[in-house]
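Data block for structure-v4.cif (mmCIF, C-alpha atoms and all ligand atoms):
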```cif
data_work
#
loop_
_atom_site.label_atom_id
_atom_site.label_comp_id
_atom_site.auth_asym_id
_atom_site.auth_seq_id
_atom_site.Cartn_x
_atom_site.Cartn_y
_atom_site.Cartn_z
CA MET A 1 -30.33 -32.19 -52.05
CA GLU A 2 -28.00 -29.63 -50.60
CA ARG A 3 -27.91 -26.16 -52.10
CA VAL A 4 -24.35 -25.03 -52.78
CA VAL A 5 -24.95 -21.57 -54.27
CA ARG A 6 -27.93 -19.30 -53.72
CA ILE A 7 -27.96 -15.89 -55.39
CA ARG A 8 -30.83 -13.43 -55.04
CA GLY A 9 -31.26 -10.00 -56.56
CA LEU A 10 -27.59 -9.58 -57.44
CA HIS A 11 -26.56 -6.28 -59.02
CA LYS A 12 -23.05 -5.27 -59.92
CA SER A 13 -21.78 -2.13 -61.63
CA PHE A 14 -18.39 -0.90 -62.72
CA GLY A 15 -18.83 2.83 -62.26
CA LYS A 16 -21.82 3.74 -64.42
CA LEU A 17 -21.76 0.44 -66.26
CA HIS A 18 -24.51 -1.80 -64.87
CA VAL A 19 -23.09 -5.26 -65.54
CA LEU A 20 -25.22 -7.71 -63.54
CA LYS A 21 -28.91 -6.98 -63.37
CA ASN A 22 -30.97 -8.75 -60.77
CA ILE A 23 -29.43 -12.20 -60.98
CA ASP A 24 -31.10 -15.11 -59.17
CA LEU A 25 -29.34 -18.45 -59.29
CA ASP A 26 -29.46 -21.75 -57.42
CA VAL A 27 -26.86 -24.46 -57.77
CA TYR A 28 -27.25 -27.76 -55.98
CA GLU A 29 -24.79 -30.44 -54.98
CA SER A 30 -23.35 -32.28 -58.00
CA ASP A 31 -24.89 -29.83 -60.45
CA VAL A 32 -22.82 -29.17 -63.53
CA LEU A 33 -24.01 -25.81 -64.79
CA VAL A 34 -22.63 -24.50 -68.06
CA LEU A 35 -23.13 -20.78 -68.63
CA CYS A 36 -22.80 -19.31 -72.07
CA GLY A 37 -23.56 -15.98 -73.66
CA PRO A 38 -21.98 -13.25 -75.75
CA SER A 39 -18.78 -11.50 -74.83
CA GLY A 40 -19.42 -8.71 -72.35
CA ALA A 41 -22.62 -10.31 -71.03
CA GLY A 42 -21.23 -10.47 -67.48
CA LYS A 43 -20.31 -14.16 -67.23
CA SER A 44 -16.86 -13.62 -65.73
CA THR A 45 -18.15 -10.96 -63.39
CA LEU A 46 -20.85 -13.31 -62.13
CA LEU A 47 -18.33 -16.08 -61.43
CA ARG A 48 -15.98 -13.63 -59.73
CA CYS A 49 -18.77 -12.38 -57.48
CA ILE A 50 -19.36 -15.91 -56.19
CA ASN A 51 -16.05 -15.87 -54.31
CA MET A 52 -15.97 -12.08 -54.06
CA LEU A 53 -13.07 -11.50 -56.39
CA GLU A 54 -15.48 -8.74 -57.34
CA HIS A 55 -17.45 -6.76 -54.81
CA TYR A 56 -21.13 -6.42 -55.54
CA HIS A 57 -23.53 -3.72 -54.58
CA GLU A 58 -26.90 -5.25 -54.07
CA GLY A 59 -28.29 -8.68 -53.44
CA THR A 60 -27.14 -11.73 -51.52
CA ILE A 61 -24.84 -14.57 -52.38
CA GLU A 62 -24.73 -17.62 -50.16
CA VAL A 63 -22.23 -20.34 -50.85
CA LEU A 64 -22.29 -23.56 -48.83
CA GLY A 65 -24.88 -21.91 -46.62
CA LYS A 66 -22.72 -18.88 -45.81
CA ASP A 67 -23.55 -15.32 -46.81
CA ILE A 68 -20.19 -14.23 -48.21
CA LYS A 69 -20.72 -10.57 -47.44
CA SER A 70 -21.81 -10.87 -43.85
CA SER A 71 -18.41 -11.69 -42.35
CA ARG A 72 -14.74 -12.17 -43.18
CA ALA A 73 -14.98 -15.64 -41.66
CA ASN A 74 -17.73 -16.62 -44.10
CA LEU A 75 -15.79 -15.32 -47.09
CA SER A 76 -12.67 -17.10 -45.96
CA TYR A 77 -14.63 -20.34 -45.49
CA VAL A 78 -16.06 -20.04 -49.00
CA ARG A 79 -12.67 -19.30 -50.55
CA LYS A 80 -11.11 -22.29 -48.80
CA ASN A 81 -13.86 -24.57 -50.02
CA SER A 82 -14.14 -23.44 -53.61
CA GLY A 83 -11.67 -23.57 -56.45
CA MET A 84 -11.43 -21.33 -59.48
CA VAL A 85 -9.83 -21.99 -62.84
CA PHE A 86 -9.21 -19.06 -65.19
CA GLN A 87 -8.86 -18.73 -68.93
CA HIS A 88 -5.20 -17.73 -68.59
CA PHE A 89 -4.19 -20.33 -65.98
CA ASN A 90 -2.69 -17.81 -63.49
CA LEU A 91 0.01 -20.24 -62.33
CA PHE A 92 2.94 -18.92 -60.32
CA PRO A 93 5.69 -18.87 -62.95
CA HIS A 94 8.71 -18.91 -60.62
CA ILE A 95 7.94 -22.17 -58.80
CA SER A 96 7.59 -25.76 -59.99
CA VAL A 97 4.37 -27.43 -60.96
CA MET A 98 4.41 -29.43 -57.73
CA ASP A 99 4.96 -26.30 -55.64
CA ASN A 100 2.08 -24.61 -57.45
CA VAL A 101 -0.22 -27.44 -56.39
CA ALA A 102 1.12 -27.81 -52.83
CA LEU A 103 1.23 -24.11 -51.99
CA ALA A 104 -2.31 -23.51 -50.78
CA PRO A 105 -2.59 -26.71 -48.70
CA ILE A 106 0.68 -25.78 -46.95
CA HIS A 107 -0.04 -22.10 -46.41
CA VAL A 108 -3.79 -21.95 -46.14
CA LYS A 109 -4.63 -25.34 -44.67
CA LYS A 110 -1.36 -25.68 -42.70
CA MET A 111 -0.94 -29.17 -44.07
CA PRO A 112 2.46 -30.76 -43.27
CA LYS A 113 4.75 -30.39 -46.29
CA ASP A 114 5.35 -34.07 -46.98
CA GLN A 115 1.61 -34.69 -46.94
CA ALA A 116 0.96 -31.72 -49.23
CA TYR A 117 3.53 -32.99 -51.72
CA GLU A 118 2.06 -36.49 -51.67
CA LYS A 119 -1.32 -34.97 -52.38
CA ALA A 120 0.12 -32.79 -55.14
CA LYS A 121 1.66 -35.85 -56.79
CA SER A 122 -1.55 -37.78 -56.65
CA LEU A 123 -3.51 -34.86 -58.16
CA LEU A 124 -0.94 -34.37 -60.90
CA ASP A 125 -1.20 -38.10 -61.65
CA GLN A 126 -4.97 -37.72 -61.89
CA VAL A 127 -4.66 -34.97 -64.50
CA GLY A 128 -2.08 -36.95 -66.47
CA LEU A 129 1.02 -34.97 -65.50
CA SER A 130 3.10 -37.55 -63.61
CA ALA A 131 6.09 -36.68 -65.78
CA LYS A 132 5.97 -32.97 -64.96
CA TYR A 133 6.28 -32.69 -61.16
CA ASP A 134 9.44 -30.63 -61.36
CA ALA A 135 8.75 -28.65 -64.51
CA TYR A 136 8.14 -24.91 -64.39
CA PRO A 137 4.95 -23.50 -65.89
CA GLY A 138 6.93 -21.87 -68.71
CA GLN A 139 8.02 -25.33 -69.88
CA LEU A 140 4.45 -26.58 -70.35
CA SER A 141 1.93 -26.39 -73.15
CA GLY A 142 -1.29 -24.48 -72.59
CA GLY A 143 -3.25 -27.67 -72.05
CA GLN A 144 -0.73 -28.90 -69.50
CA LYS A 145 -0.78 -25.55 -67.70
CA GLN A 146 -4.54 -25.66 -67.46
CA ARG A 147 -4.42 -29.19 -66.06
CA VAL A 148 -1.95 -27.97 -63.40
CA ALA A 149 -4.35 -25.13 -62.62
CA ILE A 150 -7.15 -27.66 -62.12
CA ALA A 151 -4.95 -29.84 -59.90
CA ARG A 152 -4.01 -26.76 -57.90
CA ALA A 153 -7.65 -25.86 -57.34
CA LEU A 154 -8.46 -29.46 -56.36
CA ALA A 155 -5.67 -29.49 -53.77
CA MET A 156 -7.93 -27.62 -51.37
CA ASP A 157 -10.60 -30.34 -51.62
CA PRO A 158 -13.16 -27.85 -52.87
CA LYS A 159 -16.88 -28.48 -52.64
CA LEU A 160 -17.47 -26.16 -55.59
CA MET A 161 -15.40 -25.53 -58.72
CA LEU A 162 -15.74 -22.40 -60.85
CA PHE A 163 -14.31 -22.43 -64.37
CA ASP A 164 -14.06 -19.29 -66.49
CA GLU A 165 -13.62 -20.28 -70.15
CA PRO A 166 -10.98 -22.87 -69.24
CA THR A 167 -10.36 -23.92 -72.83
CA SER A 168 -10.80 -20.73 -74.80
CA ALA A 169 -7.10 -19.79 -74.74
CA LEU A 170 -6.04 -23.26 -75.90
CA ASP A 171 -5.11 -24.59 -79.29
CA PRO A 172 -7.77 -26.98 -80.58
CA GLU A 173 -5.69 -30.11 -80.04
CA MET A 174 -5.33 -29.30 -76.34
CA ILE A 175 -8.95 -28.63 -75.59
CA LYS A 176 -9.90 -32.27 -75.27
CA GLU A 177 -7.25 -33.12 -72.68
CA VAL A 178 -8.62 -30.37 -70.42
CA LEU A 179 -12.27 -31.22 -71.04
CA ASP A 180 -11.51 -34.88 -70.28
CA VAL A 181 -10.23 -33.89 -66.83
CA MET A 182 -13.36 -31.82 -66.26
CA ILE A 183 -15.59 -34.67 -67.42
CA LYS A 184 -13.94 -36.98 -64.87
CA LEU A 185 -14.56 -34.40 -62.15
CA ALA A 186 -18.20 -34.04 -63.14
CA LEU A 187 -18.73 -37.79 -63.19
CA GLY A 188 -17.14 -37.94 -59.72
CA GLY A 189 -19.95 -35.70 -58.45
CA MET A 190 -18.13 -32.36 -58.23
CA THR A 191 -20.42 -29.33 -58.15
CA MET A 192 -19.29 -27.12 -61.02
CA ILE A 193 -20.17 -23.81 -62.65
CA ILE A 194 -18.47 -23.52 -65.99
CA VAL A 195 -18.47 -20.56 -68.33
CA SER A 196 -17.86 -22.12 -71.69
CA HIS A 197 -18.96 -22.24 -75.27
CA GLU A 198 -18.00 -25.89 -75.62
CA MET A 199 -21.50 -27.08 -76.36
CA GLY A 200 -20.32 -30.64 -77.03
CA PHE A 201 -19.01 -30.71 -73.47
CA ALA A 202 -22.24 -29.15 -72.19
CA ARG A 203 -24.26 -31.80 -74.00
CA GLU A 204 -22.14 -34.56 -72.55
CA VAL A 205 -21.86 -33.60 -68.87
CA ALA A 206 -23.93 -30.57 -67.92
CA ASN A 207 -27.23 -31.12 -66.20
CA LYS A 208 -28.20 -27.46 -66.57
CA VAL A 209 -27.31 -24.85 -69.15
CA GLY A 210 -27.76 -21.11 -68.73
CA PHE A 211 -27.67 -18.25 -71.16
CA LEU A 212 -26.57 -14.84 -69.96
CA ASP A 213 -27.08 -11.72 -72.03
CA ASP A 214 -26.67 -8.08 -71.09
CA GLY A 215 -26.27 -8.87 -67.39
CA LYS A 216 -29.36 -11.04 -67.12
CA ILE A 217 -29.93 -14.75 -67.00
CA ILE A 218 -32.22 -15.08 -69.99
CA GLU A 219 -32.57 -18.81 -69.69
CA LEU A 220 -31.55 -21.52 -67.25
CA THR A 221 -32.91 -24.94 -68.03
CA PRO A 222 -32.14 -28.62 -67.87
CA LYS A 223 -29.64 -29.41 -70.59
CA ASN A 224 -31.93 -31.25 -72.97
CA GLU A 225 -34.50 -28.53 -72.97
CA PHE A 226 -31.84 -25.91 -73.60
CA PHE A 227 -30.70 -27.52 -76.80
CA THR A 228 -34.00 -28.85 -78.11
CA ASN A 229 -36.42 -26.19 -77.01
CA PRO A 230 -34.78 -22.90 -75.99
CA ARG A 231 -37.37 -20.57 -74.52
CA SER A 232 -36.19 -17.22 -75.80
CA GLU A 233 -35.54 -15.92 -79.29
CA ARG A 234 -32.25 -14.47 -78.07
CA THR A 235 -31.04 -17.92 -76.99
CA LYS A 236 -32.09 -19.46 -80.30
CA GLU A 237 -30.21 -16.80 -82.20
CA PHE A 238 -27.08 -17.29 -80.07
CA LEU A 239 -27.21 -21.06 -80.42
CA SER A 240 -27.63 -20.79 -84.17
CA LYS A 241 -24.34 -18.88 -84.31
CA ILE A 242 -22.26 -21.23 -82.20
CA LEU A 243 -23.65 -24.68 -82.97
P1 LIG B 1 -18.04 -11.78 -70.15
O1 LIG B 1 -17.20 -12.62 -69.24
O2 LIG B 1 -19.45 -12.28 -70.31
O3 LIG B 1 -17.41 -11.55 -71.47
P2 LIG B 1 -17.43 -9.68 -68.26
O4 LIG B 1 -18.05 -10.12 -66.99
O5 LIG B 1 -15.97 -9.87 -68.38
O6 LIG B 1 -18.20 -10.34 -69.49
O7 LIG B 1 -17.71 -8.15 -68.49
C1 LIG B 1 -19.02 -7.59 -68.42
C2 LIG B 1 -18.91 -6.09 -68.66
O8 LIG B 1 -18.22 -5.49 -67.58
C3 LIG B 1 -18.14 -5.70 -69.91
O9 LIG B 1 -18.76 -4.59 -70.47
C4 LIG B 1 -16.77 -5.39 -69.40
O10 LIG B 1 -16.13 -4.46 -70.23
C5 LIG B 1 -17.06 -4.80 -68.03
N1 LIG B 1 -15.99 -5.03 -67.06
C6 LIG B 1 -15.52 -6.22 -66.65
N2 LIG B 1 -14.54 -6.08 -65.74
C7 LIG B 1 -14.40 -4.75 -65.55
C8 LIG B 1 -13.55 -3.95 -64.71
N3 LIG B 1 -12.69 -4.51 -63.86
N4 LIG B 1 -13.68 -2.61 -64.80
C9 LIG B 1 -14.58 -2.04 -65.63
N5 LIG B 1 -15.41 -2.74 -66.44
C10 LIG B 1 -15.33 -4.07 -66.40
MG MG B 2 -15.41 -13.58 -69.54
#
```
So that I can check it, write out the structure of this file as structure tokens.
Ligand code: ADP
Ligand code: MG
Amino acid sequence: MERVVRIRGLHKSFGKLHVLKNIDLDVYESDVLVLCGPSGAGKSTLLRCINMLEHYHEGTIEVLGKDIKSSRANLSYVRKNSGMVFQHFNLFPHISVMDNVALAPIHVKKMPKDQAYEKAKSLLDQVGLSAKYDAYPGQLSGGQKQRVAIARALAMDPKLMLFDEPTSALDPEMIKEVLDVMIKLALGGMTMIIVSHEMGFAREVANKVGFLDDGKIIELTPKNEFFTNPRSERTKEFLSKIL
């Protein structure tokens, strides 16, 4: 099986604040890894290091076989081949939903416009937004915005998808429509790293679950083991609060 992400000895600090402490992580093709842990544990920072939205100080990160720090070309390859979805959507507010989805294929991949728009339509259909091609982000609900954000990330045909609490800014009735899209992606074999506290989702589609606390991966186990037999007291305590 092909390794998609390999992290060894990763350290990251913000000034004096040591946020990631000696992280090792392997993610293989078609893995669906759900990472949970308390606020401030370093989950977002870890995800953001994987495509170097954050610079890191020590350690190596290889994505799709490329060391992202060793050359601009490697980083650019990794960014082109991975998609990220944020808690707060980060759509471009001044352009339509379709333009949001078609933008990167046109500008980054140099895809002909008509082809990029066809692709955008098909992706918006896949996430259940056929009626919203021409809407602006401001006209959409949170759940719809997040589905556009997923379609936009998929437009680059990523080999890896990173999700940072994709449902935590959503009203409860919208969470399912976003999780359903993610479930479809997972079942289609997409390699995914998802920071989330949706343990129902984790139980349904994750194959591995990790627990991050105070900048360290305390536990990273196959899903069933995580829920039935967590190894550390800290994980048990956390699970008892959120389950
Ligand atoms: P999580 O996503 O698990 O809640 P984060 O990765 O966002 O945690 O943050 C980990 C720690 O790093 C926190 O203490 C947070 O305040 C700090 N931090 C995150 N981003 C920055 C930043 N840009 N500058 C300074 N400190 C930051
Ligand atoms: Mg976070």
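Listed by chain and then residue number, the contacts of ligand MG 2 (chain B) are Ser39, Gly40, Gly42, Lys43, Ser44, Thr45, Asp164, Glu165 and Val195 of chain A (distance at most 8 Å, using all atoms listed in the file).
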If you take only C-alpha atoms and all ligand atoms and a cut-off of 10 Å, which residues of chain A touch ligand LIG 1 (chain B), and what are their nearest atom pairs and distances in Å to one decimal, in chain and number order, as a tab-separated table?
```
residue	atom	partner	partner_atom	distance
A:Lys12	CA	B:LIG1	O8	9.1
A:Ser13	CA	B:LIG1	O8	7.7
A:Phe14	CA	B:LIG1	C9	4.9
A:Gly15	CA	B:LIG1	C9	7.3
A:Lys16	CA	B:LIG1	N5	9.3
A:Leu17	CA	B:LIG1	O8	7.0
A:His18	CA	B:LIG1	O8	7.8
A:Val19	CA	B:LIG1	C2	5.3
A:Leu20	CA	B:LIG1	C1	7.9
A:Leu35	CA	B:LIG1	O2	9.4
A:Cys36	CA	B:LIG1	O2	8.0
A:Gly37	CA	B:LIG1	O2	6.5
A:Pro38	CA	B:LIG1	O2	6.1
A:Ser39	CA	B:LIG1	O3	3.6
A:Gly40	CA	B:LIG1	O6	3.5
A:Ala41	CA	B:LIG1	O2	3.8
A:Gly42	CA	B:LIG1	O4	3.2
A:Lys43	CA	B:LIG1	O2	3.7
A:Ser44	CA	B:LIG1	O1	3.7
A:Thr45	CA	B:LIG1	O4	3.7
A:Leu46	CA	B:LIG1	O4	6.5
A:Leu47	CA	B:LIG1	O4	8.2
A:Arg48	CA	B:LIG1	O4	8.3
A:Cys49	CA	B:LIG1	O4	9.8
A:Glu54	CA	B:LIG1	N3	8.3
A:Asp164	CA	B:LIG1	O1	7.9
A:Glu165	CA	B:LIG1	O1	8.5
A:Val195	CA	B:LIG1	O1	8.1
A:Ser196	CA	B:LIG1	O1	9.8
A:Leu212	CA	B:LIG1	O2	7.6
A:Asp213	CA	B:LIG1	O2	7.8
A:Asp214	CA	B:LIG1	C1	8.1
A:Gly215	CA	B:LIG1	C1	7.4
```
Which range 56-127 of chain A residues have any atom within 12 Å of an atom of range 139-157 of chain A, and for each, what is the nearest pair of atoms with distance in Å to one decimal, counting only C-alpha atoms, rows sorted by chain and number, as a tab-separated table?
```
residue	atom	partner	partner_atom	distance
A:Tyr77	CA	A:Met156	CA	11.5
A:Val78	CA	A:Met156	CA	11.4
A:Arg79	CA	A:Met156	CA	9.6
A:Lys80	CA	A:Met156	CA	6.7
A:Asn81	CA	A:Met156	CA	6.8
A:Ser82	CA	A:Met156	CA	7.8
A:Gly83	CA	A:Ala153	CA	4.7
A:Met84	CA	A:Ala153	CA	6.3
A:Val85	CA	A:Ile150	CA	6.3
A:Phe86	CA	A:Ala149	CA	8.2
A:Gln87	CA	A:Gln146	CA	8.3
A:His88	CA	A:Gln146	CA	8.0
A:Phe89	CA	A:Gln146	CA	5.5
A:Asn90	CA	A:Ala149	CA	7.6
A:Leu91	CA	A:Ala149	CA	6.6
A:Phe92	CA	A:Ala149	CA	9.8
A:Pro93	CA	A:Gln139	CA	9.8
A:His94	CA	A:Gln139	CA	11.3
A:Ile95	CA	A:Gln139	CA	11.5
A:Ser96	CA	A:Gln139	CA	9.9
A:Val97	CA	A:Val148	CA	6.8
A:Met98	CA	A:Val148	CA	8.6
A:Asp99	CA	A:Arg152	CA	9.3
A:Asn100	CA	A:Arg152	CA	6.5
A:Val101	CA	A:Arg152	CA	4.1
A:Ala102	CA	A:Ala155	CA	7.1
A:Leu103	CA	A:Arg152	CA	8.3
A:Ala104	CA	A:Met156	CA	7.0
A:Pro105	CA	A:Met156	CA	6.0
A:Ile106	CA	A:Met156	CA	9.9
A:His107	CA	A:Met156	CA	10.8
A:Val108	CA	A:Met156	CA	8.8
A:Lys109	CA	A:Met156	CA	7.8
A:Lys110	CA	A:Met156	CA	11.0
A:Met111	CA	A:Met156	CA	10.2
A:Gln115	CA	A:Ala155	CA	11.3
A:Ala116	CA	A:Ala155	CA	8.3
A:Tyr117	CA	A:Ala155	CA	10.1
A:Glu118	CA	A:Ala155	CA	10.6
A:Lys119	CA	A:Ala155	CA	7.1
A:Ala120	CA	A:Ala155	CA	6.8
A:Lys121	CA	A:Ala151	CA	9.5
A:Ser122	CA	A:Ala151	CA	9.2
A:Leu123	CA	A:Ala151	CA	5.5
A:Leu124	CA	A:Ala151	CA	6.1
A:Asp125	CA	A:Ala151	CA	9.2
A:Gln126	CA	A:Ala151	CA	8.1
A:Val127	CA	A:Arg147	CA	6.0
```
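Near Ala206 in chain A, within 8 Å and counting all atoms listed in the file, sit Asp31, Val32, Leu33, Val34, Phe201, Ala202, Arg203, Val209 and Lys223 of chain A, not including residues fewer than 3 positions from it in the same chain.
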Worksheet item: Any idea what the distance is between CA of Leu25 in chain A and CA of Ile7 in chain A?
Response: 4.9 Å
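Closest to Ile23 in chain A among A:Lys216, A:Lys132, A:Lys208, A:Lys66 is A:Lys216, based on all atoms listed in the file.
In this comparison, which uses all atoms listed in the file, the residue of A:Tyr136, A:Tyr56, A:Phe227, A:Phe211 approaching Leu243 in chain A most closely is A:Phe227.
Going from CA of Arg3 in chain A over to CA of Glu62 in chain A, you cover 9.3 Å.
Put simply, CA of Glu204 in chain A is 11.5 Å away from CA of Lys184 in chain A.
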Discussion item. Restricting the calculation to all atoms listed in the file: of A:Ser71, A:Ser130, A:Asn22, A:Asn51, which residue gets closest to Met161 in chain A?
Written reply: A:Asn51
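Closest approach to Glu219 in chain A among A:Lys236, A:Ile194, A:Ile61, A:Asn207: A:Lys236, based on only C-alpha atoms.
Ranking A:Leu185, A:Met52, A:Leu239, A:Ile217 by their shortest atom-to-atom distance to Asp67 in chain A, with only C-alpha atoms included, puts A:Met52 first.
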